[in-house]
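Engineer: I am sharing protein15.txt, which consists of compact mmCIF, C-alpha atoms and all ligand atoms:
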# COMPACT_ATOMS: atom_id res chain seq x y z
CA LEU A 1 0.00 0.00 0.00
CA GLU A 2 1.46 3.28 -1.06
CA GLU A 3 2.09 6.42 0.95
CA THR A 4 0.58 9.80 0.32
CA CYS A 5 1.06 13.21 1.79
CA VAL A 6 -1.18 16.13 0.91
CA ILE A 7 0.46 19.40 1.72
CA SER A 8 -1.32 22.68 2.30
CA SER A 9 1.26 25.41 2.80
CA GLY A 10 2.14 26.43 6.34
CA LEU A 11 -0.06 23.90 8.11
CA PRO A 12 0.61 20.21 8.79
CA PRO A 13 -1.71 17.83 6.91
CA THR A 14 -5.09 17.43 8.61
CA LEU A 15 -4.88 13.76 7.70
CA GLU A 16 -2.47 11.61 5.75
CA TRP A 17 -1.72 7.99 5.03
CA THR A 18 1.59 6.90 6.47
CA VAL A 19 3.56 3.67 6.05
CA ASP A 20 6.10 2.56 8.64
CA GLU A 21 9.41 0.82 7.97
CA ARG A 22 7.68 -2.59 8.14
CA GLY A 23 5.22 -1.57 5.47
CA ASN A 24 2.21 -1.13 7.77
CA GLY A 25 -0.10 1.67 6.73
CA ALA A 26 -2.07 3.88 9.11
CA LEU A 27 -4.18 7.00 8.97
CA ARG A 28 -2.46 9.85 10.79
CA LEU A 29 -4.68 12.69 11.96
CA ILE A 30 -4.10 15.99 13.71
CA ASP A 31 -5.85 15.47 17.05
CA GLN A 32 -8.16 18.48 16.86
CA ARG A 33 -9.37 17.93 20.43
CA ARG A 34 -5.98 19.10 21.67
CA LEU A 35 -5.63 22.26 19.63
CA PRO A 36 -4.63 25.00 20.12
CA GLY A 37 -2.68 23.98 23.23
CA GLU A 38 -0.87 21.10 21.61
CA LEU A 39 -0.24 19.99 18.03
CA ALA A 40 -0.57 16.23 18.51
CA PHE A 41 -1.37 13.41 16.12
CA VAL A 42 -3.46 10.23 16.34
CA GLU A 43 -2.46 7.11 14.40
CA CYS A 44 -5.48 5.04 13.36
CA ARG A 45 -4.53 1.47 12.44
CA THR A 46 -7.99 -0.10 12.70
CA VAL A 47 -11.51 0.66 11.51
CA ALA A 48 -12.58 1.06 15.14
CA ALA A 49 -9.85 3.66 15.70
CA VAL A 50 -10.99 5.69 12.68
CA ALA A 51 -14.62 5.50 13.81
CA HIS A 52 -13.63 6.59 17.32
CA ALA A 53 -11.63 9.54 15.98
CA ILE A 54 -14.62 10.72 13.94
CA ARG A 55 -17.14 10.26 16.75
CA GLU A 56 -14.94 12.01 19.33
CA LEU A 57 -14.04 14.92 16.99
CA ALA A 58 -10.32 14.16 16.78
CA VAL A 59 -11.08 14.68 13.10
CA ARG A 60 -14.11 16.81 12.23
CA GLY A 61 -15.53 18.96 9.45
CA ALA A 62 -17.55 17.44 6.63
CA PRO A 63 -14.86 16.87 3.95
CA ALA A 64 -12.27 15.73 6.52
CA ILE A 65 -14.51 13.08 8.06
CA GLY A 66 -15.39 11.90 4.54
CA ALA A 67 -11.73 11.42 3.63
CA ALA A 68 -10.96 9.81 7.00
CA ALA A 69 -13.82 7.36 6.52
CA ALA A 70 -12.58 6.56 3.01
CA TYR A 71 -9.24 5.52 4.52
CA GLY A 72 -11.17 3.59 7.17
CA VAL A 73 -12.89 1.53 4.47
CA ALA A 74 -9.45 0.87 2.94
CA ILE A 75 -8.22 -0.36 6.34
CA GLY A 76 -11.27 -2.65 6.55
CA ALA A 77 -10.57 -4.06 3.09
CA ARG A 78 -6.93 -4.64 4.05
CA ASP A 79 -7.55 -6.27 7.43
CA ASP A 80 -10.73 -8.20 6.93
CA GLY A 81 -10.94 -9.99 3.62
CA GLY A 82 -11.38 -7.44 0.84
CA LEU A 83 -15.01 -6.74 -0.05
CA ALA A 84 -16.49 -8.19 3.16
CA GLY A 85 -14.09 -6.13 5.23
CA ALA A 86 -14.82 -2.98 3.24
CA GLU A 87 -18.56 -3.48 3.67
CA ALA A 88 -18.28 -4.11 7.40
CA ALA A 89 -16.07 -1.03 7.80
CA ALA A 90 -18.50 1.06 5.77
CA ALA A 91 -21.36 0.13 8.10
CA VAL A 92 -19.38 1.06 11.22
CA LEU A 93 -18.09 4.34 9.78
CA ARG A 94 -21.44 5.40 8.33
CA ALA A 95 -22.98 5.21 11.82
CA THR A 96 -20.46 7.59 13.41
CA ARG A 97 -22.09 10.95 12.60
CA PRO A 98 -25.37 11.51 10.72
CA THR A 99 -25.41 15.07 9.36
CA ALA A 100 -22.45 15.59 7.02
CA VAL A 101 -23.28 13.87 3.75
CA ASN A 102 -19.60 13.86 2.73
CA LEU A 103 -19.15 10.93 5.11
CA ALA A 104 -21.61 8.63 3.30
CA TRP A 105 -20.54 10.06 -0.06
CA ALA A 106 -16.88 9.12 0.45
CA ILE A 107 -17.69 5.72 1.94
CA ASP A 108 -19.93 4.91 -1.04
CA ARG A 109 -17.25 6.00 -3.53
CA VAL A 110 -14.68 3.62 -2.04
CA LEU A 111 -17.21 0.81 -1.63
CA ASP A 112 -18.34 1.15 -5.26
CA ALA A 113 -14.73 0.91 -6.43
CA VAL A 114 -14.09 -2.20 -4.34
CA ARG A 115 -17.34 -3.81 -5.51
CA SER A 116 -16.50 -3.08 -9.14
CA ALA A 117 -13.03 -4.55 -8.75
CA ALA A 118 -14.40 -7.58 -6.89
CA GLY A 119 -16.89 -8.13 -9.70
CA GLY A 120 -14.10 -7.97 -12.24
CA GLU A 121 -15.36 -4.69 -13.69
CA ALA A 122 -12.85 -2.14 -14.84
CA GLY A 123 -14.71 0.66 -13.05
CA ASP A 124 -12.91 3.90 -13.79
CA GLY A 125 -9.60 2.14 -14.31
CA ILE A 126 -7.99 2.76 -10.96
CA GLY A 127 -8.36 -0.87 -9.90
CA GLU A 128 -6.09 -2.03 -12.66
CA ASP A 129 -2.38 -2.48 -12.10
CA GLU A 130 0.10 -1.12 -14.57
CA ASP A 131 1.60 -4.61 -14.70
CA GLY A 132 -1.77 -5.96 -15.79
CA ALA A 133 -2.01 -8.44 -12.91
CA GLY A 134 -4.95 -6.62 -11.29
CA ALA A 135 -4.68 -4.85 -7.99
CA GLY A 136 -5.79 -6.35 -4.70
CA LEU A 137 -9.06 -5.01 -3.39
CA ALA A 138 -7.32 -3.36 -0.45
CA GLU A 139 -5.09 -1.50 -2.82
CA VAL A 140 -8.06 -0.44 -4.92
CA ALA A 141 -9.71 0.97 -1.80
CA LEU A 142 -6.57 2.78 -0.72
CA ARG A 143 -6.03 4.32 -4.12
CA PHE A 144 -9.59 5.54 -4.15
CA ALA A 145 -9.18 7.06 -0.69
CA HIS A 146 -6.05 8.86 -1.96
CA ARG A 147 -8.05 10.17 -4.87
CA ILE A 148 -10.83 11.47 -2.62
CA ALA A 149 -8.20 13.22 -0.47
CA ALA A 150 -6.41 14.80 -3.43
CA ASP A 151 -9.69 15.84 -5.09
CA ASP A 152 -10.78 17.58 -1.90
CA VAL A 153 -7.75 19.84 -1.85
CA ALA A 154 -8.17 20.62 -5.56
CA ALA A 155 -11.88 21.41 -5.06
CA ASN A 156 -11.07 23.72 -2.16
CA ARG A 157 -8.51 25.65 -4.16
CA ALA A 158 -10.98 26.02 -7.05
CA MET A 159 -13.69 27.11 -4.61
CA GLY A 160 -11.29 29.64 -3.13
CA ALA A 161 -10.60 31.14 -6.55
CA HIS A 162 -14.32 31.43 -7.37
CA GLY A 163 -15.22 32.77 -3.94
CA ALA A 164 -12.42 35.35 -3.80
CA GLU A 165 -14.14 37.15 -6.69
CA LEU A 166 -17.01 37.93 -4.32
CA VAL A 167 -14.76 39.46 -1.65
CA PRO A 168 -14.30 43.24 -1.89
CA PHE A 169 -10.92 44.79 -1.06
CA GLY A 170 -10.45 45.14 2.70
CA ALA A 171 -13.60 43.15 3.48
CA ARG A 172 -14.41 42.46 7.11
CA ILE A 173 -15.59 38.85 7.01
CA LEU A 174 -17.47 36.97 9.72
CA THR A 175 -17.07 33.20 9.79
CA HIS A 176 -18.48 30.52 12.07
CA CYS A 177 -17.14 27.18 13.30
CA ASN A 178 -14.10 25.89 11.41
CA ALA A 179 -14.50 25.44 7.68
CA GLY A 180 -10.79 25.68 7.09
CA HIS A 181 -7.76 23.50 6.51
CA LEU A 182 -8.60 21.43 9.58
CA ALA A 183 -12.15 20.71 8.37
CA THR A 184 -10.87 19.44 5.02
CA VAL A 185 -7.93 17.50 3.67
CA GLY A 186 -6.35 20.89 3.06
CA TYR A 187 -6.90 24.61 2.33
CA GLY A 188 -10.50 24.82 3.57
CA THR A 189 -13.87 25.80 2.13
CA ALA A 190 -15.13 29.04 3.73
CA VAL A 191 -11.67 29.77 5.13
CA GLY A 192 -10.29 28.70 1.73
CA VAL A 193 -12.20 31.59 0.17
CA ILE A 194 -10.73 33.94 2.78
CA ARG A 195 -7.25 32.51 2.09
CA ALA A 196 -7.66 32.95 -1.65
CA ALA A 197 -8.80 36.56 -1.15
CA TRP A 198 -5.78 37.11 1.10
CA GLU A 199 -3.42 35.54 -1.44
CA ALA A 200 -4.97 37.76 -4.14
CA GLY A 201 -3.97 40.83 -2.12
CA LYS A 202 -7.48 41.80 -1.08
CA ALA A 203 -6.41 42.28 2.55
CA PRO A 204 -9.47 40.80 4.26
CA THR A 205 -9.83 40.78 8.03
CA VAL A 206 -11.81 38.12 9.85
CA TRP A 207 -14.25 38.06 12.74
CA VAL A 208 -13.97 34.55 14.18
CA ASP A 209 -17.07 33.35 16.02
CA GLU A 210 -16.00 31.31 19.05
CA THR A 211 -18.69 28.70 18.16
CA ARG A 212 -20.13 27.39 21.39
CA PRO A 213 -20.24 24.74 22.67
CA VAL A 214 -17.26 22.92 21.12
CA LEU A 215 -15.40 26.15 20.27
CA GLN A 216 -14.21 25.20 16.79
CA GLY A 217 -13.84 28.92 16.03
CA ALA A 218 -11.85 29.88 19.11
CA ARG A 219 -9.70 26.76 19.12
CA LEU A 220 -9.27 25.89 15.44
CA THR A 221 -10.10 28.75 13.08
CA ALA A 222 -8.21 31.19 15.28
CA TRP A 223 -5.20 28.83 15.31
CA GLU A 224 -5.26 28.39 11.54
CA LEU A 225 -5.61 32.08 10.74
CA GLN A 226 -2.79 32.96 13.13
CA ARG A 227 -0.53 30.42 11.43
CA LEU A 228 -1.48 31.79 8.02
CA GLY A 229 -0.85 35.37 9.14
CA ILE A 230 -4.37 36.52 8.21
CA PRO A 231 -5.58 39.26 10.59
CA ALA A 232 -8.41 37.90 12.74
CA THR A 233 -10.31 38.87 15.88
CA LEU A 234 -12.14 36.41 18.09
CA VAL A 235 -15.67 37.28 19.23
CA ALA A 236 -18.30 35.55 21.33
CA ASP A 237 -21.07 34.19 19.07
CA VAL A 238 -23.56 36.49 20.73
CA MET A 239 -21.68 39.58 19.50
CA ALA A 240 -22.50 38.96 15.83
CA GLY A 241 -25.70 41.03 15.81
CA SER A 242 -24.01 43.97 17.49
CA LEU A 243 -21.11 43.84 15.01
CA MET A 244 -23.50 43.86 12.09
CA ALA A 245 -25.55 46.69 13.57
CA SER A 246 -22.43 48.82 14.02
CA GLY A 247 -21.52 48.31 10.34
CA ASP A 248 -18.43 46.22 11.03
CA VAL A 249 -19.28 43.16 8.91
CA ASP A 250 -19.18 43.26 5.09
CA LEU A 251 -20.02 39.62 4.48
CA VAL A 252 -20.58 36.31 6.24
CA ILE A 253 -19.10 33.08 4.89
CA VAL A 254 -19.62 29.60 6.32
CA GLY A 255 -19.15 25.99 5.25
CA ALA A 256 -21.82 23.30 5.06
CA ASP A 257 -22.38 19.74 6.21
CA ARG A 258 -25.20 18.98 3.81
CA ILE A 259 -27.02 21.04 1.20
CA ALA A 260 -30.47 19.67 0.37
CA ALA A 261 -31.82 19.55 -3.19
CA ASN A 262 -33.79 22.76 -2.58
CA GLY A 263 -30.68 24.61 -1.38
CA ASP A 264 -31.35 24.50 2.38
CA VAL A 265 -28.03 24.32 4.24
CA ALA A 266 -27.17 22.30 7.34
CA ASN A 267 -24.13 23.67 9.13
CA LYS A 268 -22.79 24.20 12.65
CA ILE A 269 -25.36 25.31 15.22
CA GLY A 270 -25.60 29.10 15.15
CA THR A 271 -25.33 29.38 11.37
CA TYR A 272 -29.08 29.97 10.97
CA THR A 273 -28.93 32.77 13.53
CA LEU A 274 -26.18 34.46 11.51
CA ALA A 275 -28.15 34.10 8.27
CA VAL A 276 -31.22 35.76 9.81
CA LEU A 277 -29.06 38.55 11.22
CA ALA A 278 -27.27 39.02 7.89
CA ARG A 279 -30.58 39.31 6.04
CA HIS A 280 -31.87 41.84 8.57
CA HIS A 281 -28.76 43.97 8.10
CA GLY A 282 -28.55 43.57 4.31
CA ILE A 283 -25.22 41.72 4.49
CA PRO A 284 -24.32 38.97 1.96
CA PHE A 285 -24.41 35.46 3.44
CA TYR A 286 -22.26 33.00 1.47
CA VAL A 287 -21.91 29.22 1.82
CA ALA A 288 -18.75 27.54 0.48
CA ALA A 289 -18.87 23.77 0.03
CA PRO A 290 -17.69 21.15 -2.45
CA THR A 291 -20.31 19.50 -4.66
CA SER A 292 -19.84 16.36 -2.52
CA THR A 293 -21.78 18.27 0.17
CA ILE A 294 -24.82 18.63 -2.08
CA ASP A 295 -27.30 15.82 -1.44
CA ALA A 296 -29.76 15.46 -4.30
CA ALA A 297 -31.45 12.60 -2.42
CA THR A 298 -32.52 14.91 0.42
CA ALA A 299 -35.37 17.11 -0.77
CA THR A 300 -35.33 19.87 1.86
CA GLY A 301 -33.63 20.86 5.06
CA ALA A 302 -36.47 19.32 7.04
CA ASP A 303 -35.27 15.90 5.84
CA ILE A 304 -31.74 16.36 7.19
CA VAL A 305 -30.92 14.41 10.34
CA VAL A 306 -29.35 16.81 12.82
CA GLU A 307 -26.90 15.20 15.21
CA GLU A 308 -27.62 15.74 18.90
CA ARG A 309 -24.47 15.40 20.98
CA ASP A 310 -23.72 14.80 24.65
CA GLN A 311 -25.22 17.32 27.09
CA ALA A 312 -21.82 17.59 28.76
CA GLU A 313 -20.57 19.69 25.83
CA VAL A 314 -23.01 22.37 27.05
CA THR A 315 -22.97 21.87 30.81
CA GLU A 316 -19.17 21.74 30.97
CA LEU A 317 -16.39 23.94 29.63
CA ALA A 318 -13.00 22.30 29.11
CA GLY A 319 -14.06 19.51 31.47
CA VAL A 320 -15.22 21.90 34.22
CA ARG A 321 -18.91 21.89 35.09
CA ILE A 322 -20.46 25.33 34.51
CA ALA A 323 -24.16 24.48 35.04
CA PRO A 324 -25.69 23.33 38.31
CA ALA A 325 -25.60 19.58 38.95
CA GLY A 326 -28.71 17.92 37.53
CA MET A 327 -29.37 20.69 34.98
CA VAL A 328 -30.67 19.26 31.70
CA ALA A 329 -29.22 20.63 28.43
CA ARG A 330 -29.98 20.23 24.72
CA ASN A 331 -27.10 20.07 22.29
CA ARG A 332 -28.00 20.12 18.61
CA ALA A 333 -24.69 20.14 16.74
CA PHE A 334 -26.14 21.68 13.56
CA ASP A 335 -29.01 23.82 12.33
CA VAL A 336 -30.63 24.33 8.95
CA THR A 337 -30.58 27.65 7.10
CA PRO A 338 -33.34 28.02 4.49
CA ALA A 339 -32.08 28.55 0.94
CA ALA A 340 -33.89 31.90 0.82
CA LEU A 341 -31.41 33.32 3.33
CA VAL A 342 -28.35 32.25 1.31
CA THR A 343 -26.97 34.89 -1.04
CA ALA A 344 -24.86 32.36 -3.00
CA VAL A 345 -23.34 28.90 -2.75
CA ILE A 346 -19.70 28.64 -3.82
CA THR A 347 -18.53 25.23 -5.06
CA GLU A 348 -15.49 24.10 -7.04
CA ARG A 349 -17.63 24.57 -10.17
CA GLY A 350 -18.47 28.22 -9.54
CA VAL A 351 -20.97 30.47 -7.79
CA THR A 352 -24.70 29.69 -7.70
CA ARG A 353 -27.29 32.15 -6.50
CA PRO A 354 -30.47 30.40 -5.32
CA PRO A 355 -33.66 31.66 -7.02
CA ARG A 356 -35.51 34.19 -4.87
CA SER A 357 -39.11 33.38 -3.91
O1 LIG B 1 -19.11 19.27 14.38
P1 LIG B 1 -18.09 19.67 13.34
O2 LIG B 1 -16.94 20.42 13.92
O3 LIG B 1 -17.67 18.51 12.49
O4 LIG B 1 -18.88 20.68 12.41
C1 LIG B 1 -18.22 21.23 11.29
C2 LIG B 1 -19.02 22.24 10.57
O5 LIG B 1 -20.17 22.51 10.88
C3 LIG B 1 -18.37 22.89 9.38
O6 LIG B 1 -18.81 24.20 9.22
C4 LIG B 1 -18.75 22.08 8.12
O7 LIG B 1 -18.44 20.72 8.30
C5 LIG B 1 -18.06 22.58 6.93
S1 LIG B 1 -16.36 22.17 6.96
C6 LIG B 1 -15.61 22.59 5.53
Can the structure in the file be given as structure tokens, please?

Structural biologist:
Amino acid sequence: LEETCVISSGLPPTLEWTVDERGNGALRLIDQRRLPGELAFVECRTVAAVAHAIRELAVRGAPAIGAAAAYGVAIGARDDGGLAGAEAAAAVLRATRPTAVNLAWAIDRVLDAVRSAAGGEAGDGIGEDEDGAGAGLAEVALRFAHRIAADDVAANRAMGAHGAELVPFGARILTHCNAGHLATVGYGTAVGVIRAAWEAGKAPTVWVDETRPVLQGARLTAWELQRLGIPATLVADVMAGSLMASGDVDLVIVGADRIAANGDVANKIGTYTLAVLARHHGIPFYVAAPTSTIDAATATGADIVVEERDQAEVTELAGVRIAPAGMVARNRAFDVTPAALVTAVITERGVTRPPRS
């Protein structure tokens, strides 16, 4: 099984396939639970380890969990008898988190490739060895996972180029959660647009929402933007309305976990609030996501399953209880923004403005 390394300048790879001196492959992830205090890595050698890393948010963000799961299916195919192992791994990985469609999308891509190869079909050609002997199913799965990873970075760079066109010089941009390098295999979606605008000399500055309760903004987006040298200021989520009212936000840009066929957008909890506020203040509200986030099989946002996570994420802060003992909390990880509140969706194919009702 071959080695790959996807590099996104200035930041270590969010995830990469590594092979040790004995030829054993593993998925190496930045452990996002430990940022920004510590840049540590997790080595996933089993399907269970990949599933655990996704569930526990060691790796998170829609495209990143898709790519991680793709490598998880490859590990299953390697360790557990080819197609049967890939199918068993797919079932375990699919059950980890329900909202981001990129997870199922990537799993299905790898599974389809393995099934095609197992059935002796040529598929798209990547299952065939140059030496004509035919690749093993595990190798087919791994190659497909590499392709998903590489395609993600390419899509993000294309998205960045399209999205940067929408960013005025000196724009003050509000973003939510982390839709950056760490949420993808590299470069980022919403943060990718900000990066591309920065690289194009448009001198954007960023308001980073802290993103309660898991603090992806304060911990991850802030860390990324600091490393990239892009000027950014951290704000409590609840300050967004005040910032807009005082005329300090020129545009909002967020990522997405699933975009329904009608254009409704599921993204990190708090996104809907920002979209309503942006509409009230006449501020553009952009969503940047690869086409793998668009789910034609889900008709509207009402059909999207929103993950509900452990109450402790709300009742505790960094492991310290902040609510009285016995207090019940609700913890929806995502919300759904109606298409009508979205100014435009930016994908690797270009910019789409939803029809206005
Ligand atoms: O719970 P998370 O951290 O996985 O949620 C991530 C988000 O909501 C991101 O905004 C979304 O996945 C887009 S990432 C490019």

Engineer: Using all atoms listed in the file for the distances, tell me which of A:Pro63, A:Gly136, A:Gly23, A:Gly180 is nearest to Pro290 (chain A).

Structural biologist: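 Of the candidates, the smallest distance to Pro290 (chain A) is held by A:Pro63.
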
Engineer: Using all atoms listed in the file, pick whichever of A:Arg143, A:Arg353, A:Arg330, A:Arg60 has the shortest atom-to-atom distance to Ala179 (chain A).

Structural biologist: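 When distances to Ala179 (chain A) are compared using all atoms listed in the file, the smallest one comes from A:Arg60.
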
Engineer: When you count all atoms listed in the file, which of these residues is closest to ligand LIG 1 (chain B): A:Arg227, A:Glu348, A:Tyr187, A:Ala197?

Structural biologist: A:Tyr187

Engineer: Would you name the residues within 7 Å of ligand LIG 1 (chain B), counting only C-alpha atoms and all ligand atoms, and put them as a ChimeraX atom specification?

Structural biologist: /A:57,60-63,100,176-180,183-184,188-190,216,254-257,267-268,289,333-334

Engineer: One number please: CA of Ala26 (chain A) to CA of Arg157 (chain A), in Å, one decimal.

Structural biologist: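 CA of Arg157 (chain A) lies 26.3 Å from CA of Ala26 (chain A).
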
Engineer: Taking only C-alpha atoms into account, name the residue in A:Ala323, A:Leu93, A:Leu220, A:Ala302 that is nearest to Ile65 (chain A).

Structural biologist: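 Comparing A:Ala323, A:Leu93, A:Leu220, A:Ala302 against Ile65 (chain A), the winner is A:Leu93.
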
Engineer: Which polymer residues, protein or nucleic acid, are no farther than 9 Å from (-10.5, 7.8, -3.9), counting only C-alpha atoms, as a PyMOL selection string?

Structural biologist: chain A and resi 67+70-71+106+109-110+113+140-151

Engineer: Please measure the separation of CA of Gly229 (chain A) and CA of Ala278 (chain A), giving the value in Å to one decimal.

Structural biologist: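 Interatomic distance here is 26.7 Å.
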
Engineer: Smallest atom-to-atom distance to Thr175 (chain A): which of A:Asp108, A:Thr271, A:Leu83, A:Leu228, using all atoms listed in the file?

Structural biologist: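 Residue with the minimum atom-to-atom distance to Thr175 (chain A): A:Thr271.
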
Engineer: At most 10 Å from (-23.1, 30.9, -0.3), file frame, all atoms listed in the file: which residues, as a VMD selection string?

Structural biologist: chain A and resid 163 190 252 to 256 263 265 284 to 289 339 341 to 347 351 to 354

Engineer: From the set A:Val328, A:Ala196, A:Met239, A:Leu182, which residue has the shortest atom-to-atom contact distance to His162 (chain A), counting all atoms listed in the file?

Structural biologist: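 The answer is A:Ala196, which sits nearest to His162 (chain A).
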